[in-house]
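> My questions will all concern the structure given below.
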Amino acid sequence: MNKIIGALFIGCSIWGMLGCSTEKKIEQKTEIRTELSSGWEFSQRDSEVWLPATVPGTVHTDLLANGKIEDPFYRMNELQLQWIDKKDWEYRTFFSVDKEFLEKKNQRLTFHGLDTYADVYLNGKSIGVTDNMFRTWVFDVSGQLKADSNELRVVFASPTRRGLEEMERYGLRLPADNDQSERGGMGNNRVSVYTRKAPYHYGWDWGPRLVTSGIWRPVVLEAWNNVKVEDVFIRQPQVTREEARLIAEVCINSDKRQNVEVEVASEGKVLVRESKELKVGKNEISIPYSILNPRLWWTNGLGKQELYDFTVRVVAEDDVIVEKGVTTGLRSLKLVREKDQWGESFGFELNGVPVFAKGANAIPNDVFLPRVTRDKYEKMVADAANANMNMIRIWGGGIYEDDAFFEFCDKYGIMVWQDFMFACAMYPGNPEFLDNVREEAIDNVVRLRNHPSIALWCGNNENALAWRHGSPGGWGWKNQFTKAEQDTVFKAYYEVFHEILPGVVEQYTDGDDYWPSSPMAGPEPTQHGLDGTTSGDQHYWGVWHGFRPLESFDEVTTRFCSEYGFQSFPEMSTIETYASPEDYDIESEVMKSHQRSYIGNGRILDYMKMYYRVPDDFEQFIYMTHVLQGLSTKMGIEAHRRNTPYCMGSLIWQINDCWPVASWSTTDYYHKWKAAHYVMRDCFKEVIVAPKWNGDTLAIYGVNNGLDSTRAMLSIEVVNFAGRLCLSYHKGVKLAPNTSAVLFQLERDTLLAEASARNTMVVVRLQDGYEILDEKNVYFEYHKDLDLSDPRLSIEAIEEKGEKFILVSTGRLVCNVMFYLPGVPAFFSDNYCDILPGREYKIKVDTDLSPAEIEKRIKIRYVH
Ligand code: BMA
């Protein structure tokens with residue numbers, strides 16, 4: 001049983017974590033807060049069997065923990081678990097509260113996430129009904145609690161049965177292409193769009209269909225007397241290097257009419273204090289103040305991620321009654337769209353400086369969301385920062401992520417492009433649905449708006465593109481509807497994405513930017529549903545979905561490429577978690593079921609044939625998919641950056657996975673780096689050299705997306721695969737900020753002279769003194785046509801100051817060498833890279849193995 005024993009908020013003990021810096025103590029015991037996380041049980045509705053449950057959790061993970069189902073991710077188990085979403089489930093716990101709690105005037109129960117259709121009962125009495133997994137549900141339970149045993153019961157209705165009912169009620173069958181209803185035994189009843197629940201739970205082209213129910217975020221019980229600070233929002237109307245003009249908007253709930261002082265403090269200093277007369281109930285208070293010479297928040301790579309802890313205190317008769325802390329960063333951050341010689345720009349400006357957005361799209365880190373711990377969020381965001389990213393787009397088919405994700409984005413300097421949760425579908429427009437959406441938007445905007453990392457709110461993912469109202473085209477969705485029905489569907493679209501959501505962003509943020517749909521050429525009716533090329537943002541899927549060659553990244557213009565990507569399998573150690581050796585064939589049932597793209601594994605194979613020799617061996621093939629994805633990633637990023645400042649953003653689809661699967665991810669479900677993630681780290685450096693063949697001419701571009709001009713030495717060396725230097729050129733160059741320029745051009749014949757195109761390469765390097773800013777290898781032929789003979793690599797393992805390294809050298813070029821330690825978790829600081837003859841590479845290895853064991857166990861794969 002949960003026991004609540006006066007967990008009082010006194011002085012700095014709790015608030016210290018939030019940055020309390022007062023000398024004063026809170027003299028009055030005002031607030032008690034506890035999480036109801038223990039003693040939970042669950043049961044299939046109407047069964048007498050109650051089993052232990054975890055809260056926060058899901059019914060699937062509870063069934064798994066109780067041994068009632070097999071691991072949903074293993075082989076084809078997912079198919080056996082489709083009954084779960086057809087059932088109703090019940091959760092309950094018993095808890096007591098102490099005298100002190102009971103004596104408080106205000107008692108409140110908050111569910112931070114209920115998935116999804118739930119009836120909530122306290123001591124047998126209904127206290128609320130819920131229908132949106134994204135909302136925070138707050139119930140006033142004042143006077144309804146008992147000292148000894150309270151029963152809290154949450155009954156979840158089958159989300160798919162309720163979905164069917166909602167679909168019937170709405171009367172139109174709306175398109176939702178990614179909903180894998182057939183797999184769920186629901187025929188073509190794509191019910192996902194009628195319910196405000198994470199769309200990807202119903203399946204996606206990288207995700208299983210596992211439609212969960214459960215209490216997925218914490219349940220919190222609070223009690224207080226007198227005054228409660230409900231919310232603090234630090235508005236930043238004007239932030240410059242000289243001054244940050246701020247407004248603390250404070251929402252205070254008061255039990256009585258009273259005169260108080262409200263102060264804002266930071267770093268041990270009271271910044272402002274004002275007298276206020278509180279009325280009974282909610283009081284919205286605005287307190288302007290400013291900070292001179294603020295320490296600005298910058299993105300990863302451009303500066304420090306300075307954060308400020310502000311504390312708002314309510315003081316009466318010289319005692320602090322209550323206080324609340326909030327952490328934010330001071331910065332001006334906006335989306336700039338201005339007419340220019342090419343059309344209209346699309347780029348982010350941070351503290352007055354244009355920032356090339358380098359990053360990736362993110363999906364939820366698990367199908368079973370409560371499994372995503374704070375550590376996993378940190379790993380994901382740190383992986384982004386370590387790959388030189390400065391932006392993550394939270395894509396609209398998942399969830400509004402936990403606070404932890406945004407805290408890490410603030411800390412690591414990652415801007416967030418935040419979609420609202422609508423993707424690749426059309427949605428109902430009945431008044432209850434629209435109201436529900438509005439409340440969901442308010443809850444999440446208010447929850448997240450203090451994070452300096454938030455750069456953009458975006459209505460949806462690809463809905464406009466797919467629908468393409470008023471014109472032929474799109475994804476053919478309009479054909480199933482009469483003209484009148486089309487207008488109904490679009491009216492709902494328009495209300496949500498052009499009225500409700502921008503209205504919420506305008507009302508509840510400090511002028512944050514809003515973009516109705518990604519991608520779109522612009523919000524004008526004439527631009528509706530058009531992918532951006534001369535304006536707006538673009539999802540470029542010519543590569544992969546369109547089966548265009550990788551070179552086409554360079555042929556397409558984009559002002560901001562918010563999606564593009566290429567698939568690979570996860571590495572063998574991950575495949576081993578869901579398949580057994582008899583499945584090791586890309587055409588096996590198991591491998592195909594862990595591949596959800598409609599073009600499947602064949603698309604990877606077809607691309608591989610274009611650039612590489614296709615190996616027969618399964619494990620070598622898996623490795624080659626990484627190499628191929630790495631090549632595509634390099635070509636995409638370099639194309640976008642060569643186009644600076646026409647193009648000001650490059651976001652890879654996608655950084656992560658929600659289960660172990662073949663997908664576009666650059667780190668897999670277990671956050672293991674694929675080759676593409678290393679490639680991103682290289683290609684997202686502020687200064688890069690990006691050579692490119694224009695027919696028979698090698699054009700060597702230098703790109704600088706940093707804040708300062710850079711002087712460097714460009715060297716171009718033609719070497720054969722045995723390491724003999726054939727030719728070299730050197731040139732001093734200057735790279736201005738946010739520019740891309742051709743630094744040098746050379747003809748293929750000049751470079752090759754008498755050498756063979758099959759065993760000669762060009763090494764292009766930008767160097768500042770001894771520091772190598774960037775280096776790229778250029779080949780004269782595709783790898784499938786190169787003379788890549790078997791290598792004789794020498795690998796020596798050493799330990800220096802407790803860290804392990806391998807020293808690697810070769811007499812002949814080896815391409816895309818993957819180092820691995822079979823069966824042993826290890827991270828190599830560099831991997832999948834070319835090893836050139838005549839050099840020594842020192843690569844750090846994070847592993848528990850000793851150097852001797854590393855040498856014994858290390859294995860490599862390479863392109864041949
Ligand atoms: C996009 C996304 C996703 C999808 C991906 C790969 O455009 O928005 O819906 O998973 O392509 O097909």
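Naming works like this for the structure tokens: A, B, ... for the chains as they're shown, residue 1 at the start of each chain, ligands 1 onward in shown order.
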Could you tell me, counting only C-alpha atoms and all ligand atoms, which protein and nucleic acid residues lie no more than 8 Å from ligand 1, written as a list in words?
Asn178, Trp204, Asp205, Trp206, Trp395, Gly396, Gly397, Ala423, Cys424, Asn461, Glu462, His539, Trp541, His545, Glu563, Tyr564, Gly565, Ser597, Trp653 and Trp664 of chain A
> At a cut-off of 12 Å, using only C-alpha atoms, what residues contact Trp216 of chain A? Leave out same-chain residues fewer than 3 positions from it and give the result as a count of residues only.
36
> Give me the residues near segment 818-829 of chain A as a PDB file with N, CA, C and O atoms, in the first residue's frame, where near means some atom within 8 Å (using only C-alpha atoms) and where sequence neighbours in that chain fewer than 4 positions away do not count.

ATOM      1  N   SER A 573      24.496  -7.981 -33.607  1.00  0.00           N
ATOM      2  CA  SER A 573      24.212  -8.212 -32.187  1.00  0.00           C
ATOM      3  C   SER A 573      22.775  -7.808 -31.849  1.00  0.00           C
ATOM      4  O   SER A 573      22.185  -8.335 -30.901  1.00  0.00           O
ATOM      5  N   CYS A 833      35.466   3.442 -41.169  1.00  0.00           N
ATOM      6  CA  CYS A 833      36.196   4.437 -41.952  1.00  0.00           C
ATOM      7  C   CYS A 833      37.241   3.754 -42.840  1.00  0.00           C
ATOM      8  O   CYS A 833      37.630   2.609 -42.606  1.00  0.00           O
ATOM      9  N   ILE A 843      42.455   4.517 -32.365  1.00  0.00           N
ATOM     10  CA  ILE A 843      41.000   4.504 -32.153  1.00  0.00           C
ATOM     11  C   ILE A 843      40.700   4.070 -30.726  1.00  0.00           C
ATOM     12  O   ILE A 843      41.184   3.027 -30.268  1.00  0.00           O
ATOM     13  N   LYS A 844      39.916   4.884 -30.045  1.00  0.00           N
ATOM     14  CA  LYS A 844      39.588   4.583 -28.648  1.00  0.00           C
ATOM     15  C   LYS A 844      38.500   3.506 -28.602  1.00  0.00           C
ATOM     16  O   LYS A 844      37.559   3.541 -29.399  1.00  0.00           O
ATOM     17  N   VAL A 845      38.653   2.571 -27.674  1.00  0.00           N
ATOM     18  CA  VAL A 845      37.657   1.505 -27.539  1.00  0.00           C
ATOM     19  C   VAL A 845      37.105   1.524 -26.120  1.00  0.00           C
ATOM     20  O   VAL A 845      37.855   1.347 -25.165  1.00  0.00           O
ATOM     21  N   ASP A 846      35.795   1.775 -26.011  1.00  0.00           N
ATOM     22  CA  ASP A 846      35.167   1.687 -24.686  1.00  0.00           C
ATOM     23  C   ASP A 846      34.736   0.246 -24.471  1.00  0.00           C
ATOM     24  O   ASP A 846      33.771  -0.221 -25.065  1.00  0.00           O
ATOM     25  N   THR A 847      35.464  -0.450 -23.624  1.00  0.00           N
ATOM     26  CA  THR A 847      35.168  -1.863 -23.343  1.00  0.00           C
ATOM     27  C   THR A 847      35.814  -2.243 -22.029  1.00  0.00           C
ATOM     28  O   THR A 847      36.776  -1.594 -21.587  1.00  0.00           O
ATOM     29  N   ILE A 854      41.384  -7.700 -26.203  1.00  0.00           N
ATOM     30  CA  ILE A 854      40.913  -6.984 -27.408  1.00  0.00           C
ATOM     31  C   ILE A 854      41.625  -7.563 -28.623  1.00  0.00           C
ATOM     32  O   ILE A 854      40.998  -7.915 -29.626  1.00  0.00           O
ATOM     33  N   ARG A 857      40.310 -10.946 -29.532  1.00  0.00           N
ATOM     34  CA  ARG A 857      38.912 -11.113 -29.949  1.00  0.00           C
ATOM     35  C   ARG A 857      38.484 -10.209 -31.098  1.00  0.00           C
ATOM     36  O   ARG A 857      37.416 -10.404 -31.671  1.00  0.00           O
ATOM     37  N   ILE A 858      39.260  -9.177 -31.366  1.00  0.00           N
ATOM     38  CA  ILE A 858      38.768  -8.184 -32.326  1.00  0.00           C
ATOM     39  C   ILE A 858      38.588  -8.792 -33.721  1.00  0.00           C
ATOM     40  O   ILE A 858      39.362  -9.646 -34.155  1.00  0.00           O
ATOM     41  N   LYS A 859      37.525  -8.359 -34.381  1.00  0.00           N
ATOM     42  CA  LYS A 859      37.243  -8.815 -35.747  1.00  0.00           C
ATOM     43  C   LYS A 859      36.994  -7.579 -36.601  1.00  0.00           C
ATOM     44  O   LYS A 859      36.641  -6.516 -36.090  1.00  0.00           O
ATOM     45  N   ILE A 860      37.170  -7.762 -37.890  1.00  0.00           N
ATOM     46  CA  ILE A 860      36.852  -6.647 -38.796  1.00  0.00           C
ATOM     47  C   ILE A 860      35.981  -7.132 -39.948  1.00  0.00           C
ATOM     48  O   ILE A 860      35.974  -8.320 -40.288  1.00  0.00           O
ATOM     49  N   ARG A 861      35.276  -6.198 -40.518  1.00  0.00           N
ATOM     50  CA  ARG A 861      34.641  -6.385 -41.827  1.00  0.00           C
ATOM     51  C   ARG A 861      35.070  -5.217 -42.691  1.00  0.00           C
ATOM     52  O   ARG A 861      35.391  -4.139 -42.184  1.00  0.00           O
ATOM     53  N   TYR A 862      35.066  -5.416 -43.978  1.00  0.00           N
ATOM     54  CA  TYR A 862      35.508  -4.359 -44.895  1.00  0.00           C
ATOM     55  C   TYR A 862      34.853  -4.611 -46.240  1.00  0.00           C
ATOM     56  O   TYR A 862      34.295  -5.682 -46.494  1.00  0.00           O
TER      57      TYR A 862
END
> Contacts of Val227 of chain A at 7 Å or less, counting only C-alpha atoms, minus same-chain residues fewer than 5 places along, as a PyMOL selection string?
chain A and resi 252-255
> Tell me which protein, DNA and RNA residues are within 10 Å of Ile688 of chain A, counting only C-alpha atoms, leaving out same-chain ones fewer than 4 positions away, and put them as a VMD selection string.
chain A and resid 638 641 to 642 682 to 684 701 to 705 740 765 to 766 773 to 776
> Output as a Markdown table one row per residue of segment 455-553 of chain A within 9 Å of segment 432-438 of chain A: the closest atom pair and its distance in Å to one decimal place, counting only C-alpha atoms, sorted by chain and residue number ascending.

| residue | atom | partner | partner_atom | distance |
| --- | --- | --- | --- | --- |
| A:Ala492 | CA | A:Leu434 | CA | 8.4 |
| A:Glu495 | CA | A:Leu434 | CA | 8.1 |
| A:Val496 | CA | A:Leu434 | CA | 7.0 |
| A:Ile500 | CA | A:Arg438 | CA | 6.2 |
| A:Leu501 | CA | A:Arg438 | CA | 7.0 |
| A:Val504 | CA | A:Arg438 | CA | 7.3 |
> DSSP on the backbone, then: every residue of segment 13-251 of chain A marked strand (DSSP E or B), written as a compact mmCIF listing (two decimals) with N, CA and C atoms, in the first residue's frame.

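The resulting file, part_36.txt, is shown below:
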# COMPACT_ATOMS: atom_id res chain seq x y z
N ILE A 26 11.15 28.77 3.86
CA ILE A 26 9.69 28.73 3.82
C ILE A 26 9.23 28.32 5.20
N GLU A 31 2.76 22.51 1.21
CA GLU A 31 2.41 21.63 0.11
C GLU A 31 2.93 20.22 0.34
N ILE A 32 2.11 19.24 0.08
CA ILE A 32 2.53 17.85 0.16
C ILE A 32 2.32 17.25 -1.22
N ARG A 33 3.29 16.49 -1.66
CA ARG A 33 3.20 15.94 -3.02
C ARG A 33 3.77 14.54 -3.01
N THR A 34 3.09 13.60 -3.57
CA THR A 34 3.63 12.25 -3.64
C THR A 34 3.19 11.55 -4.91
N GLU A 35 4.02 10.64 -5.35
CA GLU A 35 3.68 9.90 -6.56
C GLU A 35 3.07 8.56 -6.16
N GLU A 41 -2.06 -3.15 -9.18
CA GLU A 41 -2.37 -4.47 -9.75
C GLU A 41 -3.18 -4.21 -11.01
N PHE A 42 -3.21 -5.22 -11.87
CA PHE A 42 -4.04 -5.07 -13.07
C PHE A 42 -4.76 -6.37 -13.37
N SER A 43 -5.78 -6.23 -14.18
CA SER A 43 -6.62 -7.39 -14.46
C SER A 43 -7.31 -7.16 -15.80
N GLN A 44 -7.54 -8.25 -16.50
CA GLN A 44 -8.38 -8.12 -17.68
C GLN A 44 -9.79 -7.92 -17.17
N LEU A 51 -3.04 -9.23 -11.08
CA LEU A 51 -1.60 -9.48 -11.09
C LEU A 51 -0.86 -8.18 -10.79
N PRO A 52 0.35 -8.29 -10.26
CA PRO A 52 1.09 -7.05 -9.98
C PRO A 52 1.37 -6.24 -11.24
N TRP A 89 -9.06 -3.28 -19.79
CA TRP A 89 -8.12 -3.59 -18.72
C TRP A 89 -8.37 -2.67 -17.53
N GLU A 90 -8.05 -3.20 -16.38
CA GLU A 90 -8.34 -2.46 -15.17
C GLU A 90 -7.09 -2.39 -14.29
N TYR A 91 -6.82 -1.23 -13.72
CA TYR A 91 -5.69 -1.07 -12.80
C TYR A 91 -6.22 -0.56 -11.47
N ARG A 92 -5.61 -1.00 -10.38
CA ARG A 92 -6.04 -0.46 -9.08
C ARG A 92 -4.87 -0.44 -8.10
N THR A 93 -4.98 0.47 -7.15
CA THR A 93 -4.03 0.48 -6.04
C THR A 93 -4.77 0.97 -4.79
N PHE A 94 -4.20 0.66 -3.64
CA PHE A 94 -4.77 1.13 -2.37
C PHE A 94 -3.71 1.98 -1.69
N PHE A 95 -4.14 3.07 -1.10
CA PHE A 95 -3.16 3.92 -0.43
C PHE A 95 -3.80 4.62 0.76
N SER A 96 -2.93 5.01 1.69
CA SER A 96 -3.43 5.76 2.84
C SER A 96 -2.82 7.15 2.82
N VAL A 97 -3.45 8.05 3.51
CA VAL A 97 -2.87 9.40 3.64
C VAL A 97 -2.84 9.77 5.12
N ASN A 106 -6.92 21.82 0.05
CA ASN A 106 -6.98 21.44 -1.37
C ASN A 106 -6.27 20.12 -1.58
N GLN A 107 -6.96 19.19 -2.25
CA GLN A 107 -6.35 17.88 -2.55
C GLN A 107 -6.61 17.58 -4.02
N ARG A 108 -5.57 17.16 -4.65
CA ARG A 108 -5.67 17.05 -6.11
C ARG A 108 -4.95 15.78 -6.58
N LEU A 109 -5.56 15.13 -7.55
CA LEU A 109 -4.96 13.93 -8.14
C LEU A 109 -4.68 14.23 -9.61
N THR A 110 -3.43 14.05 -10.02
CA THR A 110 -3.08 14.37 -11.40
C THR A 110 -2.53 13.13 -12.10
N PHE A 111 -3.11 12.82 -13.23
CA PHE A 111 -2.57 11.76 -14.09
C PHE A 111 -1.81 12.46 -15.22
N LEU A 114 -2.65 9.08 -19.37
CA LEU A 114 -3.50 7.88 -19.35
C LEU A 114 -3.73 7.45 -20.79
N ASP A 115 -3.46 6.20 -21.07
CA ASP A 115 -3.50 5.68 -22.44
C ASP A 115 -4.65 4.66 -22.51
N TYR A 117 -8.63 5.61 -23.28
CA TYR A 117 -10.02 5.80 -22.84
C TYR A 117 -10.16 5.22 -21.44
N ALA A 118 -10.22 6.09 -20.46
CA ALA A 118 -10.20 5.58 -19.08
C ALA A 118 -11.33 6.16 -18.25
N ASP A 119 -11.85 5.33 -17.35
CA ASP A 119 -12.78 5.79 -16.31
C ASP A 119 -12.01 5.69 -15.01
N VAL A 120 -12.00 6.78 -14.27
CA VAL A 120 -11.21 6.81 -13.05
C VAL A 120 -12.14 6.85 -11.84
N TYR A 121 -11.90 5.94 -10.90
CA TYR A 121 -12.74 5.86 -9.70
C TYR A 121 -11.87 5.99 -8.45
N LEU A 122 -12.35 6.83 -7.55
CA LEU A 122 -11.69 6.93 -6.25
C LEU A 122 -12.70 6.47 -5.20
N LYS A 125 -16.15 5.83 -6.40
CA LYS A 125 -16.91 6.92 -7.01
C LYS A 125 -16.17 7.43 -8.25
N SER A 126 -16.91 7.63 -9.34
CA SER A 126 -16.27 8.11 -10.58
C SER A 126 -15.77 9.53 -10.38
N ILE A 127 -14.49 9.76 -10.69
CA ILE A 127 -13.99 11.14 -10.58
C ILE A 127 -13.61 11.71 -11.94
N GLY A 128 -13.66 10.88 -12.98
CA GLY A 128 -13.35 11.45 -14.29
C GLY A 128 -13.30 10.42 -15.38
N VAL A 129 -13.41 10.93 -16.59
CA VAL A 129 -13.39 10.10 -17.80
C VAL A 129 -12.38 10.73 -18.74
N THR A 130 -11.51 9.92 -19.33
CA THR A 130 -10.47 10.51 -20.18
C THR A 130 -10.51 9.90 -21.59
N ASP A 131 -9.98 10.67 -22.56
CA ASP A 131 -10.01 10.20 -23.94
C ASP A 131 -8.85 10.76 -24.76
N ASN A 132 -7.73 11.03 -24.11
CA ASN A 132 -6.61 11.60 -24.86
C ASN A 132 -5.32 11.28 -24.11
N TRP A 137 -4.40 14.99 -16.92
CA TRP A 137 -5.75 14.97 -16.34
C TRP A 137 -5.67 15.29 -14.86
N VAL A 138 -6.32 16.39 -14.49
CA VAL A 138 -6.25 16.86 -13.10
C VAL A 138 -7.64 16.74 -12.47
N PHE A 139 -7.71 16.03 -11.35
CA PHE A 139 -8.99 15.87 -10.68
C PHE A 139 -8.90 16.44 -9.26
N ASP A 140 -9.89 17.28 -8.95
CA ASP A 140 -9.96 17.82 -7.60
C ASP A 140 -10.60 16.74 -6.71
N ASN A 150 -7.60 3.97 0.75
CA ASN A 150 -8.29 4.53 -0.41
C ASN A 150 -8.04 3.62 -1.60
N GLU A 151 -9.08 3.42 -2.38
CA GLU A 151 -8.89 2.62 -3.58
C GLU A 151 -8.95 3.54 -4.81
N LEU A 152 -7.90 3.45 -5.61
CA LEU A 152 -7.90 4.18 -6.89
C LEU A 152 -7.97 3.15 -8.00
N ARG A 153 -8.96 3.30 -8.87
CA ARG A 153 -9.17 2.29 -9.90
C ARG A 153 -9.28 3.00 -11.24
N VAL A 154 -8.60 2.47 -12.25
CA VAL A 154 -8.65 3.06 -13.58
C VAL A 154 -9.04 1.96 -14.55
N VAL A 155 -10.13 2.16 -15.24
CA VAL A 155 -10.62 1.14 -16.16
C VAL A 155 -10.42 1.63 -17.59
N PHE A 156 -9.64 0.86 -18.35
CA PHE A 156 -9.34 1.26 -19.73
C PHE A 156 -10.22 0.48 -20.69
N ALA A 176 -5.41 6.78 -43.46
CA ALA A 176 -4.34 6.64 -42.47
C ALA A 176 -3.44 5.52 -42.98
N ARG A 196 -7.12 10.15 -29.89
CA ARG A 196 -5.91 10.93 -29.62
C ARG A 196 -4.94 10.07 -28.82
N TYR A 202 -0.23 2.05 -33.75
CA TYR A 202 -1.01 1.23 -34.69
C TYR A 202 -0.14 0.72 -35.84
N GLY A 203 1.16 0.90 -35.73
CA GLY A 203 2.10 0.45 -36.76
C GLY A 203 2.58 1.62 -37.60
N TRP A 204 3.78 1.48 -38.15
CA TRP A 204 4.31 2.49 -39.08
C TRP A 204 5.28 1.77 -40.01
N GLY A 207 7.68 0.43 -37.60
CA GLY A 207 7.23 0.07 -36.25
C GLY A 207 6.21 -1.05 -36.25
N PRO A 208 6.18 -1.82 -35.16
CA PRO A 208 5.20 -2.89 -35.04
C PRO A 208 3.83 -2.33 -34.69
N ARG A 209 2.82 -3.18 -34.80
CA ARG A 209 1.49 -2.76 -34.36
C ARG A 209 1.26 -3.33 -32.96
N GLY A 214 -2.79 1.79 -20.68
CA GLY A 214 -2.10 1.83 -19.39
C GLY A 214 -1.90 3.23 -18.84
N ILE A 215 -1.38 3.25 -17.63
CA ILE A 215 -1.07 4.52 -16.95
C ILE A 215 0.38 4.81 -17.32
N VAL A 219 1.38 9.25 -11.66
CA VAL A 219 0.14 9.67 -10.99
C VAL A 219 0.59 10.40 -9.72
N VAL A 220 0.11 11.61 -9.55
CA VAL A 220 0.62 12.43 -8.44
C VAL A 220 -0.53 12.93 -7.59
N LEU A 221 -0.35 12.80 -6.29
CA LEU A 221 -1.33 13.28 -5.33
C LEU A 221 -0.72 14.49 -4.62
N GLU A 222 -1.48 15.57 -4.56
CA GLU A 222 -0.96 16.80 -3.94
C GLU A 222 -2.00 17.38 -2.98
N ALA A 223 -1.51 18.01 -1.95
CA ALA A 223 -2.40 18.74 -1.05
C ALA A 223 -1.72 20.02 -0.61
N TRP A 224 -2.48 21.07 -0.46
CA TRP A 224 -1.89 22.33 -0.01
C TRP A 224 -2.95 23.24 0.62
N VAL A 227 -1.87 28.93 -0.68
CA VAL A 227 -1.44 29.42 -1.99
C VAL A 227 -0.66 28.34 -2.73
N LYS A 228 -0.90 28.26 -4.02
CA LYS A 228 -0.08 27.34 -4.83
C LYS A 228 0.34 28.09 -6.10
N VAL A 229 1.63 27.99 -6.42
CA VAL A 229 2.08 28.55 -7.70
C VAL A 229 1.87 27.46 -8.74
N GLU A 230 0.91 27.67 -9.59
CA GLU A 230 0.55 26.63 -10.57
C GLU A 230 1.55 26.57 -11.71
N ASP A 231 1.99 27.75 -12.14
CA ASP A 231 2.84 27.76 -13.32
C ASP A 231 3.67 29.03 -13.36
N VAL A 232 4.87 28.89 -13.89
CA VAL A 232 5.71 30.07 -14.14
C VAL A 232 6.19 29.99 -15.58
N PHE A 233 5.96 31.04 -16.31
CA PHE A 233 6.44 31.10 -17.70
C PHE A 233 7.33 32.33 -17.82
N ILE A 234 8.58 32.13 -18.21
CA ILE A 234 9.48 33.26 -18.39
C ILE A 234 9.40 33.68 -19.85
N ARG A 235 8.65 34.72 -20.10
CA ARG A 235 8.58 35.25 -21.47
C ARG A 235 9.88 36.00 -21.78
N GLN A 236 10.27 35.97 -23.03
CA GLN A 236 11.52 36.63 -23.42
C GLN A 236 11.25 37.57 -24.60
N PRO A 237 10.52 38.66 -24.36
CA PRO A 237 10.14 39.51 -25.49
C PRO A 237 11.33 40.07 -26.26
N GLN A 238 12.42 40.34 -25.54
CA GLN A 238 13.59 40.85 -26.27
C GLN A 238 14.88 40.39 -25.59
N VAL A 239 15.68 39.70 -26.34
CA VAL A 239 16.96 39.24 -25.79
C VAL A 239 18.08 39.63 -26.75
N GLU A 243 21.07 43.06 -23.24
CA GLU A 243 19.99 43.02 -22.25
C GLU A 243 18.96 41.95 -22.60
N ALA A 244 18.51 41.26 -21.57
CA ALA A 244 17.36 40.35 -21.75
C ALA A 244 16.18 40.97 -21.06
N ARG A 245 15.18 41.35 -21.84
CA ARG A 245 13.95 41.86 -21.23
C ARG A 245 13.01 40.69 -21.05
N LEU A 246 12.62 40.46 -19.82
CA LEU A 246 11.86 39.25 -19.51
C LEU A 246 10.56 39.60 -18.79
N ILE A 247 9.62 38.70 -18.85
CA ILE A 247 8.39 38.85 -18.06
C ILE A 247 8.11 37.50 -17.41
N ALA A 248 8.03 37.50 -16.10
CA ALA A 248 7.62 36.26 -15.42
C ALA A 248 6.09 36.26 -15.37
N GLU A 249 5.51 35.30 -16.03
CA GLU A 249 4.06 35.17 -15.96
C GLU A 249 3.76 34.05 -14.98
N VAL A 250 3.12 34.44 -13.90
CA VAL A 250 2.95 33.49 -12.80
C VAL A 250 1.46 33.26 -12.58
N CYS A 251 1.11 31.99 -12.49
CA CYS A 251 -0.29 31.68 -12.19
C CYS A 251 -0.35 31.20 -10.73
